[in-house]
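Data block for protein_3.tsv (TSV, C-alpha atoms and all ligand atoms):
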chain	number	residue	atom	x	y	z
W	11	MET	CA	11.67	41.52	-12.78
W	12	SER	CA	13.44	40.65	-16.01
W	13	VAL	CA	14.31	37.00	-16.72
W	14	SER	CA	17.02	35.28	-18.77
W	15	VAL	CA	17.53	31.58	-19.35
W	16	LEU	CA	21.13	30.43	-19.62
W	17	GLY	CA	21.21	27.22	-21.66
W	18	SER	CA	18.95	26.65	-24.64
W	19	GLY	CA	18.28	22.93	-24.39
W	20	ALA	CA	14.83	21.37	-24.17
W	21	PHE	CA	14.10	22.53	-20.64
W	22	GLY	CA	15.51	26.06	-20.93
W	23	THR	CA	13.55	26.63	-24.12
W	24	ALA	CA	10.32	25.29	-22.58
W	25	LEU	CA	10.68	27.52	-19.51
W	26	ALA	CA	11.36	30.54	-21.74
W	27	ILE	CA	8.21	29.78	-23.75
W	28	SER	CA	6.06	29.57	-20.63
W	29	LEU	CA	7.56	32.72	-19.07
W	30	ALA	CA	7.19	34.65	-22.33
W	31	GLY	CA	3.46	34.82	-21.60
W	32	LYS	CA	4.30	37.27	-18.78
W	33	GLY	CA	6.90	39.51	-20.45
W	34	PRO	CA	10.19	39.62	-22.36
W	35	VAL	CA	12.60	36.71	-21.85
W	36	THR	CA	16.21	36.41	-23.03
W	37	LEU	CA	17.27	32.90	-24.01
W	38	TRP	CA	21.05	32.44	-24.14
W	39	ALA	CA	22.64	29.80	-26.36
W	40	ARG	CA	26.41	29.41	-26.18
W	41	ASP	CA	26.70	28.63	-29.90
W	42	PRO	CA	26.26	31.86	-31.95
W	43	GLU	CA	25.12	29.95	-35.04
W	44	GLN	CA	22.45	28.08	-33.07
W	45	ALA	CA	21.32	31.31	-31.39
W	46	GLN	CA	20.97	33.03	-34.77
W	47	MET	CA	19.02	30.09	-36.23
W	48	MET	CA	16.62	30.07	-33.30
W	49	GLN	CA	16.19	33.83	-33.39
W	50	ASN	CA	15.47	33.79	-37.15
W	51	HIS	CA	13.39	30.62	-37.47
W	52	ARG	CA	11.61	30.99	-34.10
W	53	VAL	CA	12.08	27.36	-33.10
W	54	ASN	CA	14.67	25.21	-31.30
W	55	SER	CA	14.83	22.56	-33.97
W	56	ALA	CA	17.59	20.59	-32.20
W	57	ARG	CA	15.95	20.11	-28.80
W	58	LEU	CA	12.29	21.18	-28.91
W	59	PRO	CA	11.23	21.08	-32.56
W	60	ASN	CA	7.44	21.24	-32.13
W	61	ALA	CA	7.29	24.39	-30.01
W	62	PRO	CA	7.24	27.79	-31.73
W	63	LEU	CA	9.08	30.58	-29.87
W	64	PRO	CA	6.79	33.49	-28.93
W	65	LYS	CA	7.80	37.01	-30.01
W	66	ALA	CA	8.65	37.93	-26.41
W	67	ILE	CA	11.72	35.65	-26.52
W	68	THR	CA	15.02	37.07	-27.73
W	69	VAL	CA	17.63	34.40	-28.46
W	70	THR	CA	21.23	35.53	-28.14
W	71	SER	CA	24.75	34.17	-27.70
W	72	ASP	CA	25.79	37.44	-26.03
W	73	ALA	CA	26.25	36.47	-22.38
W	74	ASP	CA	26.51	40.10	-21.27
W	75	LEU	CA	23.10	40.85	-22.77
W	76	ALA	CA	21.59	37.80	-21.03
W	77	ALA	CA	23.21	38.81	-17.75
W	78	GLU	CA	21.37	42.16	-17.77
W	79	SER	CA	18.30	40.42	-16.32
W	80	GLU	CA	17.80	40.24	-12.56
W	81	ILE	CA	16.74	36.58	-12.54
W	82	ILE	CA	18.83	34.04	-14.44
W	83	LEU	CA	17.58	30.47	-14.86
W	84	LEU	CA	20.48	28.04	-15.25
W	85	SER	CA	19.33	25.27	-17.55
W	86	VAL	CA	22.48	23.35	-18.41
W	87	PRO	CA	23.26	19.72	-17.53
W	88	MET	CA	24.43	19.27	-13.93
W	89	GLN	CA	27.98	18.27	-14.83
W	90	LYS	CA	28.32	21.49	-16.90
W	91	LEU	CA	26.90	23.87	-14.30
W	92	ARG	CA	30.21	24.76	-12.62
W	93	SER	CA	32.02	25.54	-15.89
W	94	ALA	CA	29.06	27.57	-17.18
W	95	LEU	CA	29.00	29.61	-13.94
W	96	CYS	CA	32.77	30.07	-13.82
W	97	ALA	CA	32.78	31.34	-17.41
W	98	HIS	CA	30.37	34.15	-16.48
W	99	SER	CA	30.93	34.56	-12.74
W	100	ALA	CA	31.83	38.27	-12.95
W	101	THR	CA	28.54	39.26	-14.62
W	102	LEU	CA	26.40	36.89	-12.54
W	103	ARG	CA	27.65	38.03	-9.16
W	104	ASP	CA	24.76	40.35	-8.14
W	105	LYS	CA	21.99	38.22	-9.68
W	106	THR	CA	19.37	35.77	-8.50
W	107	LEU	CA	20.48	32.45	-9.96
W	108	VAL	CA	17.91	29.67	-10.21
W	109	ALA	CA	19.36	26.25	-11.02
W	110	CYS	CA	17.04	24.15	-13.16
W	111	CYS	CA	19.25	21.08	-13.38
W	112	LYS	CA	18.90	17.77	-11.58
W	113	GLY	CA	21.93	15.88	-10.37
W	114	ILE	CA	24.93	15.56	-8.13
W	115	GLU	CA	28.28	16.83	-9.33
W	116	LEU	CA	30.63	13.89	-9.80
W	117	THR	CA	33.80	15.72	-8.78
W	118	SER	CA	32.46	17.31	-5.58
W	119	GLY	CA	29.37	15.31	-4.55
W	120	LEU	CA	27.45	18.61	-4.40
W	121	GLY	CA	24.00	19.53	-5.73
W	122	PRO	CA	23.26	22.55	-7.95
W	123	VAL	CA	22.51	25.09	-5.20
W	124	SER	CA	25.79	24.28	-3.43
W	125	VAL	CA	27.66	24.59	-6.73
W	126	ILE	CA	26.16	28.08	-7.25
W	127	ARG	CA	27.13	29.04	-3.69
W	128	GLU	CA	30.71	27.84	-4.26
W	129	THR	CA	31.25	29.44	-7.65
W	130	VAL	CA	29.30	32.71	-7.33
W	131	PRO	CA	29.03	33.24	-3.56
W	132	GLU	CA	27.71	36.80	-3.90
W	133	ALA	CA	24.66	35.69	-5.93
W	134	ARG	CA	21.27	34.68	-4.49
W	135	ALA	CA	20.86	30.93	-5.10
W	136	ALA	CA	17.63	29.01	-5.71
W	137	LEU	CA	16.39	25.86	-7.43
W	138	LEU	CA	13.46	25.05	-9.70
W	139	THR	CA	12.67	21.34	-9.79
W	140	GLY	CA	9.83	18.82	-9.84
W	141	PRO	CA	7.84	16.64	-12.21
W	142	SER	CA	7.75	18.25	-15.65
W	143	PHE	CA	8.61	17.30	-19.19
W	144	ALA	CA	9.86	20.14	-21.37
W	145	ASN	CA	7.35	19.25	-24.06
W	146	ASP	CA	4.43	19.46	-21.63
W	147	ILE	CA	5.51	22.89	-20.38
W	148	ALA	CA	6.06	24.18	-23.92
W	149	ARG	CA	2.57	22.98	-24.95
W	150	GLY	CA	1.03	24.94	-22.09
W	151	LEU	CA	-0.08	21.83	-20.18
W	152	PRO	CA	-0.55	22.26	-16.41
W	153	THR	CA	2.59	21.59	-14.35
W	154	ALA	CA	3.41	21.98	-10.65
W	155	LEU	CA	7.01	22.54	-9.58
W	156	THR	CA	9.00	23.24	-6.44
W	157	LEU	CA	10.85	26.52	-6.01
W	158	ALA	CA	13.48	26.05	-3.31
W	159	CYS	CA	15.29	29.00	-1.76
W	160	ALA	CA	16.86	29.21	1.69
W	161	ASP	CA	15.91	32.91	1.94
W	162	ASP	CA	12.14	33.05	2.43
W	163	ALA	CA	11.65	36.60	1.09
W	164	ILE	CA	13.60	35.88	-2.11
W	165	GLY	CA	11.77	32.56	-2.44
W	166	ARG	CA	8.39	34.34	-2.28
W	167	ASP	CA	9.43	36.86	-4.94
W	168	LEU	CA	10.69	34.08	-7.22
W	169	GLN	CA	7.55	32.02	-6.69
W	170	HIS	CA	5.48	34.92	-8.03
W	171	GLU	CA	7.87	35.92	-10.81
W	172	LEU	CA	8.25	32.38	-12.18
W	173	SER	CA	4.69	31.07	-11.81
W	174	THR	CA	2.81	31.31	-15.10
W	175	THR	CA	-0.62	30.32	-16.40
W	176	ASN	CA	0.53	26.69	-16.73
W	177	LEU	CA	3.39	26.54	-14.18
W	178	ARG	CA	2.22	26.48	-10.57
W	179	LEU	CA	5.14	26.85	-8.17
W	180	TYR	CA	5.16	25.63	-4.58
W	181	ARG	CA	7.79	27.08	-2.26
W	182	THR	CA	10.22	25.50	0.21
W	183	ALA	CA	13.32	26.66	2.07
W	184	ASP	CA	14.72	23.11	2.01
W	185	THR	CA	17.16	23.36	-0.89
W	186	ILE	CA	18.96	20.16	0.14
W	187	GLY	CA	15.80	18.02	0.03
W	188	ALA	CA	14.65	19.56	-3.25
W	189	GLU	CA	17.96	19.10	-5.03
W	190	LEU	CA	18.46	15.53	-3.78
W	191	GLY	CA	14.93	14.43	-4.71
W	192	GLY	CA	15.44	15.64	-8.28
W	193	ALA	CA	18.91	14.11	-8.51
W	194	LEU	CA	18.18	10.67	-7.09
W	195	LYS	CA	14.90	10.04	-8.92
W	196	ASN	CA	16.85	9.97	-12.20
W	197	VAL	CA	18.97	7.09	-10.86
W	198	MET	CA	15.83	5.17	-9.85
W	199	ALA	CA	14.31	5.84	-13.30
W	200	ILE	CA	17.31	4.20	-14.99
W	201	GLY	CA	16.82	1.21	-12.68
W	202	CYS	CA	13.08	1.01	-13.45
W	203	GLY	CA	13.68	1.30	-17.20
W	204	ALA	CA	16.24	-1.50	-16.99
W	205	CYS	CA	13.81	-3.64	-15.00
W	206	ILE	CA	11.01	-3.22	-17.56
W	207	GLY	CA	13.42	-3.56	-20.50
W	208	GLU	CA	14.71	-6.85	-19.10
W	209	GLY	CA	11.12	-8.12	-18.86
W	210	MET	CA	10.95	-8.28	-15.06
W	211	GLY	CA	7.42	-6.86	-14.97
W	212	GLU	CA	5.37	-4.14	-13.29
W	213	SER	CA	5.49	-5.67	-9.80
W	214	ALA	CA	9.27	-5.57	-9.86
W	215	ARG	CA	9.13	-1.93	-10.95
W	216	ALA	CA	6.83	-1.06	-8.03
W	217	ALA	CA	9.30	-2.75	-5.67
W	218	LEU	CA	12.24	-0.83	-7.17
W	219	MET	CA	10.41	2.50	-6.97
W	220	THR	CA	9.45	1.91	-3.33
W	221	ARG	CA	12.87	0.68	-2.20
W	222	GLY	CA	14.42	3.40	-4.36
W	223	PHE	CA	12.35	5.98	-2.52
W	224	ALA	CA	13.55	4.55	0.80
W	225	GLU	CA	17.10	5.00	-0.46
W	226	MET	CA	16.37	8.57	-1.56
W	227	GLN	CA	14.99	9.39	1.89
W	228	ARG	CA	17.90	7.74	3.71
W	229	PHE	CA	20.47	9.68	1.71
W	230	ALA	CA	18.64	13.02	1.81
W	231	LEU	CA	17.90	12.86	5.57
W	232	MET	CA	21.54	12.04	6.20
W	233	ARG	CA	22.43	15.24	4.32
W	234	GLY	CA	20.00	17.33	6.38
W	235	ALA	CA	16.86	17.34	4.20
W	236	ARG	CA	13.36	17.55	5.66
W	237	PRO	CA	11.29	14.35	5.26
W	238	GLU	CA	8.25	16.28	3.93
W	239	THR	CA	10.30	17.66	1.03
W	240	LEU	CA	10.97	14.13	-0.19
W	241	MET	CA	7.22	13.41	-0.02
W	242	GLY	CA	6.52	16.41	-2.26
W	243	LEU	CA	6.76	17.32	-5.93
W	244	SER	CA	10.56	17.35	-6.07
W	245	GLY	CA	10.84	13.86	-4.55
W	246	MET	CA	7.91	11.46	-4.76
W	247	GLY	CA	6.22	13.50	-7.54
W	248	ASP	CA	9.20	13.42	-9.86
W	249	LEU	CA	10.02	9.80	-8.98
W	250	VAL	CA	6.57	8.68	-10.12
W	251	LEU	CA	6.71	10.67	-13.38
W	252	THR	CA	10.21	9.65	-14.36
W	253	CYS	CA	10.00	5.95	-13.43
W	254	CYS	CA	6.74	5.43	-15.31
W	255	SER	CA	7.05	7.36	-18.57
W	256	GLU	CA	8.85	6.64	-21.79
W	257	LEU	CA	9.08	10.42	-22.25
W	258	SER	CA	11.88	10.32	-19.67
W	259	ARG	CA	15.38	10.04	-21.10
W	260	ASN	CA	16.66	8.37	-17.91
W	261	TYR	CA	13.90	5.77	-18.10
W	262	ARG	CA	14.50	5.22	-21.84
W	263	PHE	CA	18.23	4.80	-21.21
W	264	GLY	CA	17.41	2.11	-18.62
W	265	LEU	CA	15.02	0.44	-21.08
W	266	SER	CA	17.81	0.31	-23.67
W	267	LEU	CA	20.13	-1.37	-21.14
W	268	GLY	CA	17.51	-3.99	-20.30
W	269	ARG	CA	16.73	-4.65	-23.97
W	270	GLN	CA	20.40	-4.44	-24.97
W	271	ASP	CA	19.51	-1.80	-27.56
W	272	ALA	CA	21.75	1.04	-28.76
W	273	PHE	CA	21.20	4.48	-27.17
W	274	ASP	CA	22.00	7.92	-28.64
W	275	THR	CA	25.01	9.15	-26.65
W	276	ASN	CA	24.12	12.81	-27.38
W	277	THR	CA	21.08	12.51	-25.15
W	278	THR	CA	21.29	14.13	-21.72
W	279	VAL	CA	20.90	11.33	-19.13
W	280	GLU	CA	21.62	12.96	-15.78
W	281	GLY	CA	21.21	9.77	-13.73
W	282	VAL	CA	24.40	8.16	-15.05
W	283	ALA	CA	26.86	10.61	-13.47
W	284	THR	CA	24.65	10.97	-10.38
W	285	ALA	CA	24.63	7.18	-9.86
W	286	LYS	CA	28.42	7.21	-10.10
W	287	ALA	CA	28.63	10.07	-7.59
W	288	LEU	CA	26.27	8.24	-5.21
W	289	ALA	CA	28.18	4.95	-5.48
W	290	LYS	CA	31.40	6.82	-4.67
W	291	ILE	CA	29.85	8.56	-1.64
W	292	ALA	CA	28.18	5.33	-0.44
W	293	LYS	CA	31.52	3.50	-0.53
W	294	ALA	CA	33.48	6.31	1.13
W	295	GLU	CA	30.90	6.83	3.89
W	296	ASP	CA	29.81	3.20	4.28
W	297	LEU	CA	26.18	3.97	3.40
W	298	ASP	CA	23.62	1.38	2.33
W	299	MET	CA	22.75	2.52	-1.24
W	300	PRO	CA	22.28	-0.76	-3.12
W	301	ILE	CA	20.07	0.50	-5.97
W	302	SER	CA	22.20	3.56	-6.73
W	303	THR	CA	25.34	1.42	-6.62
W	304	ILE	CA	23.97	-1.22	-8.97
W	305	VAL	CA	22.55	1.42	-11.34
W	306	SER	CA	26.06	2.88	-11.53
W	307	GLU	CA	27.39	-0.59	-12.40
W	308	ILE	CA	24.86	-1.29	-15.19
W	309	SER	CA	25.11	2.25	-16.59
W	310	THR	CA	28.85	1.92	-17.03
W	311	GLY	CA	28.66	-1.62	-18.42
W	312	LYS	CA	30.31	-3.23	-15.40
W	313	CYS	CA	27.49	-5.70	-14.94
W	314	SER	CA	24.45	-6.87	-16.90
W	315	VAL	CA	20.88	-5.96	-15.94
W	316	GLY	CA	20.11	-9.63	-15.25
W	317	GLU	CA	23.08	-9.91	-12.86
W	318	ALA	CA	22.08	-6.65	-11.19
W	319	MET	CA	18.52	-7.81	-10.52
W	320	ARG	CA	19.75	-11.16	-9.15
W	321	TRP	CA	22.20	-9.36	-6.85
W	322	LEU	CA	19.44	-7.09	-5.51
W	323	LEU	CA	17.11	-10.06	-4.87
W	324	ASN	CA	19.79	-12.13	-3.12
W	325	ARG	CA	20.75	-9.52	-0.53
W	326	PRO	CA	20.14	-10.57	3.11
W	327	LEU	CA	16.46	-10.28	4.13
W	328	LYS	CA	15.67	-7.30	6.34
W	329	GLU	CA	12.92	-5.29	8.02
W	330	GLU	CA	11.03	-2.77	5.90
J	1	LIG	N1	14.05	18.09	-20.62
J	1	LIG	C1	13.23	18.02	-19.58
J	1	LIG	O1	12.06	17.60	-19.71
J	1	LIG	C2	13.68	18.46	-18.23
J	1	LIG	C3	15.01	18.70	-17.94
J	1	LIG	N2	15.38	19.07	-16.69
J	1	LIG	C4	16.77	19.28	-16.35
J	1	LIG	O2	17.29	20.38	-17.09
J	1	LIG	C5	18.69	20.22	-17.28
J	1	LIG	C6	18.99	20.46	-18.74
J	1	LIG	O3	18.32	19.45	-19.48
J	1	LIG	P1	17.77	19.64	-20.95
J	1	LIG	O4	17.53	21.05	-21.28
J	1	LIG	O5	16.65	18.71	-21.10
J	1	LIG	O6	19.04	19.10	-21.77
J	1	LIG	P2	19.38	19.27	-23.29
J	1	LIG	O7	20.33	18.18	-23.61
J	1	LIG	O8	18.16	19.41	-24.10
J	1	LIG	O9	20.15	20.67	-23.34
J	1	LIG	C7	21.30	20.98	-22.63
J	1	LIG	C8	21.76	22.33	-23.13
J	1	LIG	O10	22.84	22.78	-22.32
J	1	LIG	C9	23.79	23.38	-23.19
J	1	LIG	N3	25.09	23.37	-22.52
J	1	LIG	C10	25.85	22.31	-22.20
J	1	LIG	N4	26.98	22.72	-21.59
J	1	LIG	C11	26.92	24.06	-21.52
J	1	LIG	C12	27.79	25.07	-21.03
J	1	LIG	N5	28.94	24.77	-20.43
J	1	LIG	N6	27.42	26.36	-21.14
J	1	LIG	C13	26.24	26.65	-21.72
J	1	LIG	N7	25.37	25.76	-22.23
J	1	LIG	C14	25.72	24.48	-22.12
J	1	LIG	C15	23.75	22.53	-24.44
J	1	LIG	O11	24.29	23.22	-25.55
J	1	LIG	C16	22.26	22.28	-24.58
J	1	LIG	O12	21.64	23.32	-25.29
J	1	LIG	C17	19.03	18.79	-16.81
J	1	LIG	O13	19.64	18.84	-15.55
J	1	LIG	C18	17.67	18.11	-16.73
J	1	LIG	O14	17.64	17.11	-15.71
J	1	LIG	C19	14.47	19.26	-15.70
J	1	LIG	C20	13.13	19.04	-15.93
J	1	LIG	C21	12.64	18.63	-17.20
J	2	LIG	O1	13.25	15.62	-14.99
J	2	LIG	C1	12.45	15.27	-15.81
J	2	LIG	C2	11.01	15.14	-15.51
J	2	LIG	O2	10.68	15.78	-14.32
J	2	LIG	C3	12.90	14.89	-17.15
J	2	LIG	O3	13.36	13.59	-17.08
J	2	LIG	P1	14.49	13.05	-18.05
J	2	LIG	O4	15.71	13.91	-17.84
J	2	LIG	O5	14.68	11.64	-17.64
J	2	LIG	O6	13.96	13.17	-19.44

Full structure transcribed into structure tokens:
Amino acid sequence: MSVSVLGSGAFGTALAISLAGKGPVTLWARDPEQAQMMQNHRVNSARLPNAPLPKAITVTSDADLAAESEIILLSVPMQKLRSALCAHSATLRDKTLVACCKGIELTSGLGPVSVIRETVPEARAALLTGPSFANDIARGLPTALTLACADDAIGRDLQHELSTTNLRLYRTADTIGAELGGALKNVMAIGCGACIGEGMGESARAALMTRGFAEMQRFALMRGARPETLMGLSGMGDLVLTCCSELSRNYRFGLSLGRQDAFDTNTTVEGVATAKALAKIAKAEDLDMPISTIVSEISTGKCSVGEAMRWLLNRPLKEE
């Protein structure tokens, strides 16, 4: 089956590079000038400068050309997914759409699969998520990801079509668990970065990761996820990677908050909007989501990292 990638950021470009080992891939960039530069110079100098584009990749800004493929990977930031889909909904209607973004939409509280279902209901919706840095994938390093699709037959086809020599895909039908694991781990990574940046130490980070995971499970199970999905690549796997590596933008953003350093506002940090969405849902539904709520506060400058950590430590003692 033919594959296109809609969105030519770091992740979309890395996926295109890996998939190009199996056949032609169309990489769509919305900016015609950027598309032309990438097509001519065979590199995405803005987002993935050290990874040459194989010949099998065609970069284009022509959305109709990209929409000729049967499988379309959607690799835009979560808060841009709806507008990107709406802009091309007519051509995407009979396609298999695989969201590659991690987050919860601020306006609706929905994850990427639900946003696909709302905006292009006729399409087949799936999700690709799990622990993976774009640079690692582009370099051909081994990576295991979760392919989530409610329809088992479509999920099996996608698992085969999108697995490559360095991308090993595991399959699940639990789209809710997979999308929430990927969304919430970014929030916990901001918290862990802030904790390390503030000088609170590794033990405090382990506590935040563990209590953060409890929060991820509580929220996801409440939304109908399966517990085993949270224990897998898209939950625990991605939590570990993102909370412990300075390659993560969410973690680095947290570090900058803790150290009171400047941070480049052009960087995609999905956890900020997701923390806000979670804090809103927690308040409206009276849910106990202390880490997500406090990460929302520190990310938006409403409280300092020191105050946040003191608030977390001074909460009433409870059973694990
Ligand atoms: N970079 C990574 O290592 C990984 C990223 N992801 C996820 O992939 C998603 C995208 O992240 P990155 O590629 O890293 O971000 P990025 O910041 O490198 O690129 C985002 C791209 O989306 C494009 N874009 C924004 N709005 C658009 C719109 N309305 N229509 C079309 N294109 C639009 C931008 O021009 C840019 O090329 C995020 O949800 C992220 O969590 C997932 C796994 C790994
Ligand atoms: O999702 C990722 C790793 O799995 C990438 O993390 P960042 O978006 O924090 O860089």

Within 6 Å of ligand LIG 1 (chain J), which residues show up when you count all atoms listed in the file? List them as a PyMOL selection string, please. chain W and resi 17-22+40+57+85-88+90+93-94+110-112+142-144+277-278+280

Suppose we keep C-alpha atoms; can you now write the selection as a PDB file, in the coordinates of the input?
ATOM      1  CA  GLY W  17      21.210  27.220 -21.660  1.00  0.00           C
ATOM      2  CA  SER W  18      18.950  26.650 -24.640  1.00  0.00           C
ATOM      3  CA  GLY W  19      18.280  22.930 -24.390  1.00  0.00           C
ATOM      4  CA  ALA W  20      14.830  21.370 -24.170  1.00  0.00           C
ATOM      5  CA  PHE W  21      14.100  22.530 -20.640  1.00  0.00           C
ATOM      6  CA  GLY W  22      15.510  26.060 -20.930  1.00  0.00           C
ATOM      7  CA  ARG W  40      26.410  29.410 -26.180  1.00  0.00           C
ATOM      8  CA  ARG W  57      15.950  20.110 -28.800  1.00  0.00           C
ATOM      9  CA  SER W  85      19.330  25.270 -17.550  1.00  0.00           C
ATOM     10  CA  VAL W  86      22.480  23.350 -18.410  1.00  0.00           C
ATOM     11  CA  PRO W  87      23.260  19.720 -17.530  1.00  0.00           C
ATOM     12  CA  MET W  88      24.430  19.270 -13.930  1.00  0.00           C
ATOM     13  CA  LYS W  90      28.320  21.490 -16.900  1.00  0.00           C
ATOM     14  CA  SER W  93      32.020  25.540 -15.890  1.00  0.00           C
ATOM     15  CA  ALA W  94      29.060  27.570 -17.180  1.00  0.00           C
ATOM     16  CA  CYS W 110      17.040  24.150 -13.160  1.00  0.00           C
ATOM     17  CA  CYS W 111      19.250  21.080 -13.380  1.00  0.00           C
ATOM     18  CA  LYS W 112      18.900  17.770 -11.580  1.00  0.00           C
ATOM     19  CA  SER W 142       7.750  18.250 -15.650  1.00  0.00           C
ATOM     20  CA  PHE W 143       8.610  17.300 -19.190  1.00  0.00           C
ATOM     21  CA  ALA W 144       9.860  20.140 -21.370  1.00  0.00           C
ATOM     22  CA  THR W 277      21.080  12.510 -25.150  1.00  0.00           C
ATOM     23  CA  THR W 278      21.290  14.130 -21.720  1.00  0.00           C
ATOM     24  CA  GLU W 280      21.620  12.960 -15.780  1.00  0.00           C
TER      25      GLU W 280
END

Per-axis box centre and lengths in Å around region 321-329 of chain W, 5 Å margin per side, axis-aligned, as AutoDock Vina command-line options:
--center_x 17.6 --center_y -8.7 --center_z 0.6 --size_x 19.3 --size_y 16.8 --size_z 24.9

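Where the distance criterion is 8 Å and the atoms used are all atoms listed in the file, the residues close to ligand LIG 2 (chain J) are Lys112, Thr139, Gly140, Pro141, Ser142, Phe143, Ala144, Gly192, Asn196, Ala199, Asp248, Leu251, Thr252, Leu257, Ser258, Arg259, Asn260, Tyr261, Arg262, Thr278, Val279, Glu280 and Gly281 of chain W.
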
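Between CA of Glu256 (chain W) and CA of Glu189 (chain W) the separation is 22.8 Å.
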
My list of candidates is W:Ala183, W:Leu322, W:Ala133, W:Ile67. Which is closest to Lys105 (chain W) when distances are computed with all atoms listed in the file? W:Ala133

Proximity of region 32-107 of chain W to region 117-131 of chain W: per-residue shortest pair, 7 Å limit, all atoms listed in the file, as JSON lines:
{"residue": "W:Met88", "atom": "CA", "partner": "W:Pro122", "partner_atom": "CA", "distance": 6.9}
{"residue": "W:Arg92", "atom": "CA", "partner": "W:Val125", "partner_atom": "CA", "distance": 6.4}
{"residue": "W:Leu95", "atom": "CA", "partner": "W:Thr129", "partner_atom": "CA", "distance": 6.7}
{"residue": "W:Cys96", "atom": "CA", "partner": "W:Thr129", "partner_atom": "CA", "distance": 6.4}
{"residue": "W:Ser99", "atom": "CA", "partner": "W:Val130", "partner_atom": "CA", "distance": 5.9}
{"residue": "W:Arg103", "atom": "CA", "partner": "W:Val130", "partner_atom": "CA", "distance": 5.9}

Using C-alpha atoms, can you export the residues from the last selection as a compact mmCIF listing (two decimals), in the coordinates of the input?
# COMPACT_ATOMS: atom_id res chain seq x y z
CA MET W 88 24.43 19.27 -13.93
CA ARG W 92 30.21 24.76 -12.62
CA LEU W 95 29.00 29.61 -13.94
CA CYS W 96 32.77 30.07 -13.82
CA SER W 99 30.93 34.56 -12.74
CA ARG W 103 27.65 38.03 -9.16

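Interatomic distance, CA of Gln227 (chain W) to CA of Arg181 (chain W): 19.5 Å.
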